[in-house]
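upload.pdb, holding PDB, C-alpha atoms:
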ATOM      1  CA  MET O 110       7.947  -0.433 -28.190
ATOM      2  CA  PHE O 111       7.270  -2.182 -24.907
ATOM      3  CA  ALA O 112       3.974  -4.121 -24.590
ATOM      4  CA  LEU O 113       2.164  -4.658 -21.295
ATOM      5  CA  GLN O 114       1.614  -8.268 -20.366
ATOM      6  CA  GLU O 115      -1.895  -9.053 -19.190
ATOM      7  CA  GLY O 116      -2.172 -10.135 -15.552
ATOM      8  CA  ILE O 117       1.264  -8.845 -14.506
ATOM      9  CA  ALA O 118       1.398  -5.680 -12.448
ATOM     10  CA  PRO O 119       3.608  -4.074  -9.815
ATOM     11  CA  LYS O 120       2.467  -4.087  -6.208
ATOM     12  CA  ARG O 121       0.877  -0.802  -5.261
ATOM     13  CA  TYR O 122       1.813  -1.170  -1.572
ATOM     14  CA  GLY O 123       5.107  -2.434  -0.157
ATOM     15  CA  SER O 124       3.490  -4.827   2.288
ATOM     16  CA  CYS O 125       1.898  -8.262   2.509
ATOM     17  CA  GLY O 126      -1.013  -8.680   0.093
ATOM     18  CA  LEU O 127      -3.432  -9.321   2.962
ATOM     19  CA  THR O 128      -2.864  -5.742   4.180
ATOM     20  CA  HIS O 129      -3.787  -4.235   0.816
ATOM     21  CA  GLN O 130      -7.569  -4.272   1.187
ATOM     22  CA  THR O 131      -7.615  -2.163   4.365
ATOM     23  CA  ILE O 132      -5.038   0.220   2.915
ATOM     24  CA  TYR O 133      -7.066   0.569  -0.269
ATOM     25  CA  GLY O 134     -10.310   1.050   1.684
ATOM     26  CA  THR O 135      -8.772   3.775   3.828
ATOM     27  CA  ILE O 136      -7.392   5.577   0.771
ATOM     28  CA  GLU O 137     -10.816   5.403  -0.872
ATOM     29  CA  ILE O 138     -12.497   6.837   2.238
ATOM     30  CA  LEU O 139     -10.021   9.727   2.263
ATOM     31  CA  ARG O 140     -10.390  10.335  -1.474
ATOM     32  CA  GLU O 141     -14.163   9.893  -1.846
ATOM     33  CA  ASN O 142     -14.970  12.099   1.143
ATOM     34  CA  GLN O 143     -12.225  14.653   0.486
ATOM     35  CA  ILE O 144     -10.913  14.370   4.020
ATOM     36  CA  GLY O 145      -7.428  14.278   5.455
ATOM     37  CA  PRO O 146      -5.810  12.006   8.032
ATOM     38  CA  ASP O 147      -6.504  14.488  10.848
ATOM     39  CA  ASP O 148     -10.247  14.236  10.141
ATOM     40  CA  ILE O 149     -10.190  10.613  11.328
ATOM     41  CA  ALA O 150     -10.593  10.074  15.074
ATOM     42  CA  GLN O 151     -10.497   6.279  14.839
ATOM     43  CA  ILE O 152     -10.494   3.667  12.157
ATOM     44  CA  GLU O 153     -11.657   0.098  12.657
ATOM     45  CA  LEU O 154     -10.416  -2.639  10.367
ATOM     46  CA  GLN O 155     -12.563  -5.761  10.244
ATOM     47  CA  VAL O 156     -10.590  -8.649   8.800
ATOM     48  CA  PRO O 157     -11.074 -12.408   8.457
ATOM     49  CA  PRO O 158      -8.977 -14.783  10.613
ATOM     50  CA  TRP O 159      -6.729 -15.695   7.663
ATOM     51  CA  ALA O 160      -5.586 -12.089   7.176
ATOM     52  CA  ASP O 161      -4.738 -11.796  10.876
ATOM     53  CA  ARG O 162      -2.915 -15.118  10.800
ATOM     54  CA  ILE O 163      -0.674 -14.077   7.898
ATOM     55  CA  ALA O 164      -0.216 -10.403   8.908
ATOM     56  CA  PRO O 165      -0.315 -10.661  12.721
ATOM     57  CA  PHE O 166       1.950  -7.854  13.931
ATOM     58  CA  ARG O 167      -0.028  -5.296  15.966
ATOM     59  CA  GLU O 168       3.009  -3.299  17.140
ATOM     60  CA  PRO O 169       5.802  -3.856  14.628
ATOM     61  CA  VAL O 170       9.337  -3.049  15.762
ATOM     62  CA  ASN O 171      11.124  -3.387  12.433
ATOM     63  CA  GLY O 172      10.485  -3.150   8.717
ATOM     64  CA  GLU O 173       9.853  -6.850   8.234
ATOM     65  CA  GLN O 174       7.122  -6.849  10.876
ATOM     66  CA  ALA O 175       5.711  -3.570   9.498
ATOM     67  CA  LYS O 176       5.194  -5.290   6.123
ATOM     68  CA  PHE O 177       3.056  -7.879   7.921
ATOM     69  CA  SER O 178       1.057  -5.447  10.050
ATOM     70  CA  ILE O 179      -2.464  -4.558   8.971
ATOM     71  CA  ARG O 180      -2.492  -1.712  11.508
ATOM     72  CA  GLN O 181       0.845  -0.255  10.321
ATOM     73  CA  GLY O 182      -0.334   0.008   6.710
ATOM     74  CA  VAL O 183      -3.312   2.142   7.730
ATOM     75  CA  ALA O 184      -1.355   4.047  10.400
ATOM     76  CA  GLY O 185       1.040   5.148   7.658
ATOM     77  CA  LEU O 186      -1.910   6.746   5.842
ATOM     78  CA  LEU O 187      -2.877   8.555   9.042
ATOM     79  CA  VAL O 188       0.665   9.950   9.111
ATOM     80  CA  GLY O 189       1.210  10.743   5.439
ATOM     81  CA  GLY O 190      -2.215  10.857   3.786
ATOM     82  CA  ILE O 191      -2.867   9.447   0.340
ATOM     83  CA  PRO O 192       0.526   8.292  -0.927
ATOM     84  CA  GLU O 193       2.091   8.256  -4.348
ATOM     85  CA  LEU O 194       2.372   4.701  -5.580
ATOM     86  CA  PRO O 195       4.048   2.496  -4.753
ATOM     87  CA  TYR O 196       3.265   3.181  -1.096
ATOM     88  CA  THR O 197       6.363   2.097   0.823
ATOM     89  CA  HIS O 198       7.167   4.759   3.440
ATOM     90  CA  ALA O 199       5.401   2.934   6.292
ATOM     91  CA  PHE O 200       7.211  -0.371   5.856
ATOM     92  CA  ASP O 201      10.796   0.103   6.969
ATOM     93  CA  ASP O 202      12.649  -0.083  10.296
ATOM     94  CA  LYS O 203      12.481   3.656  10.881
ATOM     95  CA  ALA O 204       8.715   3.922  10.318
ATOM     96  CA  ALA O 205       7.988   0.927  12.552
ATOM     97  CA  ARG O 206       9.535   2.762  15.504
ATOM     98  CA  ASP O 207       8.776   6.378  14.531
ATOM     99  CA  SER O 208       6.638   8.028  17.236
ATOM    100  CA  ARG O 209       4.247   9.433  14.604
ATOM    101  CA  TYR O 210       3.435   5.932  13.360
ATOM    102  CA  VAL O 211       3.253   4.527  16.903
ATOM    103  CA  GLU O 212       0.745   7.261  17.824
ATOM    104  CA  ALA O 213      -1.240   6.729  14.621
ATOM    105  CA  ARG O 214      -1.521   2.995  15.381
ATOM    106  CA  LYS O 215      -3.405   3.937  18.560
ATOM    107  CA  ARG O 216      -6.196   5.261  16.306
ATOM    108  CA  VAL O 217      -6.374   1.967  14.375
ATOM    109  CA  VAL O 218      -8.490  -0.807  15.895
ATOM    110  CA  LEU O 219      -8.168  -4.283  14.427
ATOM    111  CA  THR O 220     -11.194  -6.553  14.749
ATOM    112  CA  VAL O 221     -10.730 -10.158  13.707
ATOM    113  CA  LEU O 222     -14.051 -11.581  12.598
ATOM    114  CA  HIS O 223     -15.224 -14.956  13.870
ATOM    115  CA  GLY O 224     -15.222 -17.854  11.501
ATOM    116  CA  GLU O 225     -13.035 -20.371   9.825
ATOM    117  CA  SER O 226      -9.525 -19.313   8.816
ATOM    118  CA  VAL O 227      -9.935 -19.877   5.090
ATOM    119  CA  ARG O 228      -7.100 -19.038   2.711
ATOM    120  CA  GLY O 229      -7.728 -16.216   0.315
ATOM    121  CA  PHE O 230      -8.779 -12.624   0.079
ATOM    122  CA  ALA O 231     -12.204 -12.501   1.741
ATOM    123  CA  ASP O 232     -13.869  -9.107   2.096
ATOM    124  CA  GLN O 233     -12.340  -6.701   4.591
ATOM    125  CA  THR O 234     -14.152  -3.694   6.044
ATOM    126  CA  VAL O 235     -12.838  -0.262   6.981
ATOM    127  CA  ILE O 236     -14.970   1.865   9.328
ATOM    128  CA  ALA O 237     -13.735   5.414   9.858
ATOM    129  CA  THR O 238     -15.137   7.498  12.700
ATOM    130  CA  LEU O 239     -14.470  11.130  11.888
ATOM    131  CA  THR O 240     -13.714  13.871  14.379
ATOM    132  CA  ASP O 241     -17.095  15.452  13.517
ATOM    133  CA  GLY O 242     -18.888  12.243  14.547
ATOM    134  CA  ARG O 243     -19.691  10.882  11.076
ATOM    135  CA  VAL O 244     -19.029   7.204  10.452
ATOM    136  CA  ILE O 245     -17.960   6.029   6.992
ATOM    137  CA  LYS O 246     -17.852   2.356   6.081
ATOM    138  CA  LYS O 247     -16.105   0.785   3.102
ATOM    139  CA  VAL O 248     -16.202  -2.932   2.267
ATOM    140  CA  VAL O 249     -13.298  -4.022   0.077
ATOM    141  CA  GLY O 250     -13.296  -7.274  -1.855
ATOM    142  CA  SER O 251     -10.346  -8.907  -3.548
ATOM    143  CA  LEU O 252      -7.962  -6.538  -5.324
ATOM    144  CA  GLU O 253      -6.488  -9.237  -7.560
ATOM    145  CA  ASP O 254      -7.937  -7.773 -10.765
ATOM    146  CA  THR O 255      -6.035  -4.496 -10.492
ATOM    147  CA  SER O 256      -4.419  -3.317 -13.691
ATOM    148  CA  TYR O 257      -2.435  -0.188 -14.456
ATOM    149  CA  THR O 258      -1.964   1.891 -17.555
ATOM    150  CA  LEU O 259       1.509   2.237 -18.957
ATOM    151  CA  ASP O 260       1.692   5.807 -17.588
ATOM    152  CA  GLU O 261       0.730   4.580 -14.097
ATOM    153  CA  ARG O 262       3.410   1.882 -14.261
ATOM    154  CA  ILE O 263       6.037   4.393 -15.349
ATOM    155  CA  ALA O 264       5.019   6.782 -12.545
ATOM    156  CA  MET O 265       5.324   3.958 -10.002
ATOM    157  CA  PHE O 266       8.793   3.101 -11.311
ATOM    158  CA  LYS O 267       9.906   6.735 -11.146
ATOM    159  CA  ASN O 268       8.646   7.032  -7.562
ATOM    160  CA  THR O 269      10.582   3.897  -6.664
ATOM    161  CA  ALA O 270      13.724   5.028  -8.500
ATOM    162  CA  ALA O 271      13.628   8.660  -7.352
ATOM    163  CA  SER O 272      17.140   8.322  -5.909
ATOM    164  CA  LEU O 273      18.440   7.900  -9.472
ATOM    165  CA  GLY O 274      17.348  11.444 -10.355
ATOM    166  CA  ASP O 275      17.432  12.169 -14.100
ATOM    167  CA  LYS O 276      18.785   8.670 -14.739
ATOM    168  CA  ALA O 277      15.296   7.294 -13.978
ATOM    169  CA  ASP O 278      13.831   9.148 -16.969
ATOM    170  CA  ARG O 279      16.645   7.944 -19.205
ATOM    171  CA  LEU O 280      16.230   4.402 -17.891
ATOM    172  CA  VAL O 281      12.530   4.475 -18.792
ATOM    173  CA  ASP O 282      13.421   5.656 -22.286
ATOM    174  CA  VAL O 283      15.992   2.885 -22.725
ATOM    175  CA  VAL O 284      13.654   0.143 -21.503
ATOM    176  CA  MET O 285      10.700   1.417 -23.522
ATOM    177  CA  ASN O 286      12.886   1.378 -26.623
ATOM    178  CA  LEU O 287      14.995  -1.651 -25.820
ATOM    179  CA  ASP O 288      15.106  -2.667 -29.467
ATOM    180  CA  LYS O 289      17.388   0.351 -30.004
ATOM    181  CA  HIS O 290      19.535  -0.298 -26.913
ATOM    182  CA  THR O 291      21.477  -3.007 -25.160
ATOM    183  CA  VAL O 292      21.331  -4.386 -21.658
ATOM    184  CA  GLY O 293      24.666  -2.618 -21.208
ATOM    185  CA  ASP O 294      22.847   0.700 -21.636
ATOM    186  CA  ILE O 295      20.645  -0.215 -18.670
ATOM    187  CA  THR O 296      23.639  -1.255 -16.587
ATOM    188  CA  ALA O 297      25.412   2.029 -17.366
ATOM    189  CA  LEU O 298      22.456   3.980 -16.013
ATOM    190  CA  THR O 299      22.153   1.997 -12.784
ATOM    191  CA  ASN O 300      25.798   2.059 -11.696
TER     192      ASN O 300
END

Take the structure in the file and write it out as structure tokens.
Amino acid sequence: MFALQEGIAPKRYGSCGLTHQTIYGTIEILRENQIGPDDIAQIELQVPPWADRIAPFREPVNGEQAKFSIRQGVAGLLVGGIPELPYTHAFDDKAARDSRYVEARKRVVLTVLHGESVRGFADQTVIATLTDGRVIKKVVGSLEDTSYTLDERIAMFKNTAASLGDKADRLVDVVMNLDKHTVGDITALTN
């Protein structure tokens, strides 16, 4: 049986790590307050200079820029709501130019805090102004200590490998019981 290795985990979002805190904070605001994307009139993202330096694209025009856009990661949530993990739909060429994402980015304000541009994952803040006038604030520290259960990891793989259909389930079975299979069994399922 497969054993999880401590400290190794899949990325939950298909974008630069410095975009993860604002994405996570927005998801938590949606979840904790049981609201949907349309309940948010505007969302302000307060980030340190380092995050803006590494993920600087305000108006991405392709998938590569979308992966390094703090605004795009949150705009994707305003389009699609709380995503299944891994969250990847906002980070390709099509999404970068899609009018729904472009419009959603208009509701996302990026504020770069003053201070030294220090490497690392300093706190980032998400401030959602709702259509009913309420303001909800969420401060998000480093997400480096995230771990997933085996079931969560399998679900993330299946979401990623959805195009394989039933083969994804069989692939999970083969990998989880690799002592009874060969690498050739994996190859046969992925061709």

Stretch 252-269 of chain O, all listed atoms, 6 Å padding on each side: what axis-aligned box centre and edge lengths in Å to one decimal come out, as AutoDock Vina command-line options?
--center_x 1.3 --center_y -1.1 --center_z -12.1 --size_x 30.5 --size_y 28.3 --size_z 25.6

> Taking the file as shown, what set of residues would the PyMOL selection byres ((chain O and resi 174) around 10) give back, as a ChimeraX atom specification?
Replying inline: /O:124-125,164-173,175-178,181,200-202,205

> Got a sec to resolve the PyMOL selection byres ((chain O and resi 242-244) around 12) on this structure and send the residues as a ChimeraX atom specification?
Replying inline: /O:138,142,144,148-153,235-241,245-247

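Nearest residue to O:Pro192, choosing from O:Pro158, O:Gly293, O:Gly250, O:Gly123 and counting only C-alpha atoms: O:Gly123.
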
>> Running the PyMOL selection byres ((chain O and resi 262-274) around 9) on this model by hand, what would come out? Give it as a ChimeraX atom specification.
In response: /O:118-119,121,193-195,197,257-261,275-278,281,298-299

>> Excluding O:Ser251 and its own-chain neighbours fewer than 4 positions away, which residues fall within 7 Å of it when counting only C-alpha atoms? Please give them as a list in words.
In response: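 With the cut-off at 7 Å, the set is Phe230, Ala231 and Asp232 of chain O.
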
> Could you list as a ChimeraX atom specification every residue that has an atom within 12 Å of (-9.0, -6.6, -0.2), using the file's coordinates and counting all atoms listed in the file?
Replying inline: /O:125-135,154-157,160,179,229-235,247-255

>> Between atom CA of O:Tyr210 and atom CA of O:His223, what is the distance in Å, rounded to a tenth?
In response: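 Spanning atom CA of O:Tyr210 to atom CA of O:His223 is a straight-line distance of 28.0 Å.
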